[in-house]
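Trainee: Questions regarding the structure given below will be posed in turn.
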Amino acid sequence: SQQGEEDPQALSIQEGENATMNCSYKTSINNLQWYRQNSGRGLVHLILIRSNEREKHSGRLRVTLDTSKKSSSLLITASRAADTASYFCATPYSGAGSYQLTFGKGTKLSVIP
Amino acid sequence: ETGVTQTPRHLVMGMTNKKSLKCEQHLGHNAMYWYKQSAKKPLELMFVYNFKEQTENNSVPSRFSPECPNSSHLFLHLHTLQPEDSALYLCASSQDRSSGTYNEQFFGPGTRLTVL
């Protein structure tokens, strides 16, 4: 199976600063997804970037994908205290009869007011 | 609100108890998943159901028994659990396209399970 690995494991920044998280994966993919999880809650899908895209924006989120390096980054601009959460990248793989996602361990982001 | 609900939200059980977790999705999806999330470990996929058929069982102990009576409901039956089974159990659903390209998942809020 493929697995995304996020870096850093934890990140602490001041409100208003930008936060950058990285993800590396092992094999070819057709898309990569980023999810957010507030403490003890379910994951929420943030953004999906396809393998033929290099950059994608959604509000204050900017995602890049470099398939040659098998890496992706998530940038959150002008961070807010409400952005405090764990962020996961996920890559799909073909299981037996269905398509599934493999998640990394996540980056825990703390935004200090 | 993601369109996926889970009950109960919290569950405390002894090792000899039998309990069930319930998941319901209101999104018209055809694939549903159970994940286990333990502290400091990656999200672990436990079971996958596609069109009500179990398509994946990632070496999960038999004390966890899934049931998918229809494409909207998913259960996880628990019996004789161990303390190390304490975790957040997450349910998710997706629209499983035959082309298998874009399958974002929608998660429920999870059930926090504590096994004493």
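Every chain in the structure tokens has a letter given in the order shown (A, B, ...), and although residue numbers restart at 1 in each chain, ligands are simply numbered from 1 in the order shown.
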Per residue of chain A within 10 Å of chain B, record the nearest atom pair and its distance in Å to one decimal, counting only C-alpha atoms, with rows in chain order and ascending residue number, as JSON lines.
Mentor:
```
{"residue": "A:Gln3", "atom": "CA", "partner": "B:Pro42", "partner_atom": "CA", "distance": 9.6}
{"residue": "A:Gly4", "atom": "CA", "partner": "B:Pro42", "partner_atom": "CA", "distance": 9.9}
{"residue": "A:Glu5", "atom": "CA", "partner": "B:Pro42", "partner_atom": "CA", "distance": 9.5}
{"residue": "A:Ile29", "atom": "CA", "partner": "B:Thr101", "partner_atom": "CA", "distance": 9.4}
{"residue": "A:Asn30", "atom": "CA", "partner": "B:Thr101", "partner_atom": "CA", "distance": 6.5}
{"residue": "A:Asn31", "atom": "CA", "partner": "B:Tyr102", "partner_atom": "CA", "distance": 7.1}
{"residue": "A:Leu32", "atom": "CA", "partner": "B:Tyr102", "partner_atom": "CA", "distance": 9.2}
{"residue": "A:Gln33", "atom": "CA", "partner": "B:Glu104", "partner_atom": "CA", "distance": 7.5}
{"residue": "A:Trp34", "atom": "CA", "partner": "B:Glu104", "partner_atom": "CA", "distance": 9.5}
{"residue": "A:Tyr35", "atom": "CA", "partner": "B:Gln105", "partner_atom": "CA", "distance": 9.4}
{"residue": "A:Gln37", "atom": "CA", "partner": "B:Pro109", "partner_atom": "CA", "distance": 9.7}
{"residue": "A:Asn38", "atom": "CA", "partner": "B:Pro109", "partner_atom": "CA", "distance": 9.9}
{"residue": "A:Gly40", "atom": "CA", "partner": "B:Leu88", "partner_atom": "CA", "distance": 7.4}
{"residue": "A:Arg41", "atom": "CA", "partner": "B:Pro109", "partner_atom": "CA", "distance": 5.0}
{"residue": "A:Gly42", "atom": "CA", "partner": "B:Pro109", "partner_atom": "CA", "distance": 4.2}
{"residue": "A:Leu43", "atom": "CA", "partner": "B:Phe107", "partner_atom": "CA", "distance": 5.6}
{"residue": "A:Val44", "atom": "CA", "partner": "B:Phe107", "partner_atom": "CA", "distance": 6.6}
{"residue": "A:His45", "atom": "CA", "partner": "B:Phe106", "partner_atom": "CA", "distance": 6.9}
{"residue": "A:Leu46", "atom": "CA", "partner": "B:Glu104", "partner_atom": "CA", "distance": 9.5}
{"residue": "A:Ile47", "atom": "CA", "partner": "B:Glu104", "partner_atom": "CA", "distance": 8.9}
{"residue": "A:Leu48", "atom": "CA", "partner": "B:Glu104", "partner_atom": "CA", "distance": 7.7}
{"residue": "A:Ile49", "atom": "CA", "partner": "B:Tyr102", "partner_atom": "CA", "distance": 9.5}
{"residue": "A:Arg50", "atom": "CA", "partner": "B:Tyr102", "partner_atom": "CA", "distance": 8.4}
{"residue": "A:Phe88", "atom": "CA", "partner": "B:Pro42", "partner_atom": "CA", "distance": 9.4}
{"residue": "A:Ala90", "atom": "CA", "partner": "B:Glu104", "partner_atom": "CA", "distance": 9.4}
{"residue": "A:Pro92", "atom": "CA", "partner": "B:Asn103", "partner_atom": "CA", "distance": 7.9}
{"residue": "A:Tyr93", "atom": "CA", "partner": "B:Gly100", "partner_atom": "CA", "distance": 8.9}
{"residue": "A:Ser94", "atom": "CA", "partner": "B:Gly100", "partner_atom": "CA", "distance": 7.7}
{"residue": "A:Gly95", "atom": "CA", "partner": "B:Glu56", "partner_atom": "CA", "distance": 7.2}
{"residue": "A:Ala96", "atom": "CA", "partner": "B:Thr55", "partner_atom": "CA", "distance": 6.0}
{"residue": "A:Gly97", "atom": "CA", "partner": "B:Thr55", "partner_atom": "CA", "distance": 6.0}
{"residue": "A:Ser98", "atom": "CA", "partner": "B:Asn50", "partner_atom": "CA", "distance": 6.7}
{"residue": "A:Tyr99", "atom": "CA", "partner": "B:Gly100", "partner_atom": "CA", "distance": 5.8}
{"residue": "A:Gln100", "atom": "CA", "partner": "B:Asn103", "partner_atom": "CA", "distance": 7.8}
{"residue": "A:Leu101", "atom": "CA", "partner": "B:Asn103", "partner_atom": "CA", "distance": 8.3}
{"residue": "A:Thr102", "atom": "CA", "partner": "B:Leu43", "partner_atom": "CA", "distance": 7.9}
{"residue": "A:Phe103", "atom": "CA", "partner": "B:Leu43", "partner_atom": "CA", "distance": 6.0}
{"residue": "A:Gly104", "atom": "CA", "partner": "B:Pro42", "partner_atom": "CA", "distance": 5.6}
{"residue": "A:Lys105", "atom": "CA", "partner": "B:Pro42", "partner_atom": "CA", "distance": 4.3}
{"residue": "A:Gly106", "atom": "CA", "partner": "B:Pro42", "partner_atom": "CA", "distance": 7.6}
```
Trainee: Applying 12 Å and only C-alpha atoms, which residues near Ser62 in chain B remain after dropping the ones on its own chain fewer than 6 positions away? List them as a PyMOL selection string.
Mentor: chain B and resi 46-47+76-81
Trainee: Please provide as a PyMOL selection string all residues within 7 Å of Ala85 in chain A, with the sequence filter that same-chain residues fewer than 6 positions apart are discarded (counting only C-alpha atoms).
Mentor: chain A and resi 36-39+108-110
Trainee: Any idea what's packed within 10 Å of range 52-58 of chain A, counting only C-alpha atoms, ignoring anything in its chain fewer than 6 positions away? Could you give it as a ChimeraX atom specification?
Mentor: /A:30-31,46,64-67,72-76
Trainee: What does the distance between CA of Glu15 in chain A and CA of Ala78 in chain A come to in Å, to one decimal place?
Mentor: 7.1 Å
Trainee: Would you compute the distance between CA of Pro61 in chain B and CA of Cys89 in chain A? Give it in Å to one decimal.
Mentor: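 It comes out at 26.9 Å.
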Trainee: From the set B:Thr114, B:Thr7, B:Ser93, B:Ser20, which residue has the shortest atom-to-atom contact distance to Arg63 in chain B, counting only C-alpha atoms?
Mentor: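 Of B:Thr114, B:Thr7, B:Ser93, B:Ser20, the one nearest Arg63 in chain B, counting only C-alpha atoms, is B:Ser20.
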Trainee: Please run DSSP on the backbone and report, as JSON, numbers by chain, all residues within chain B that come out as strand (DSSP E or B).
Mentor: {"B": [4, 5, 6, 7, 10, 11, 12, 13, 18, 19, 20, 21, 22, 23, 24, 25, 31, 32, 33, 34, 35, 36, 37, 44, 45, 46, 47, 48, 49, 50, 53, 54, 55, 56, 57, 64, 65, 66, 67, 68, 69, 70, 73, 74, 75, 76, 77, 78, 79, 87, 88, 89, 90, 91, 92, 93, 94, 106, 107, 111, 112, 113, 114, 115]}
Trainee: Would you list the contacts of Ala81 in chain A as a PyMOL selection string, taking every protein, DNA or RNA residue within 9 Å and counting only C-alpha atoms, but skipping same-chain residues closer than 3 positions in sequence?
Mentor: chain A and resi 14-16+84+110-113
Trainee: Do you know which residues are at most 9 Å from Ser28 in chain A counting only C-alpha atoms, after dropping those on the same chain fewer than 3 positions away, and could you put them as a VMD selection string?
Mentor: chain A and resid 2 25 51 67 70
Trainee: Restricting it to C-alpha atoms, dump the selection as a CSV table (one decimal), in the first residue's frame.
Mentor:
```
chain,number,residue,atom,x,y,z
A,2,GLN,CA,1.0,3.6,-0.5
A,25,TYR,CA,4.5,9.3,-0.7
A,51,SER,CA,-1.7,14.1,-10.6
A,67,THR,CA,5.0,14.0,-8.8
A,70,LYS,CA,6.5,12.3,-4.9
```
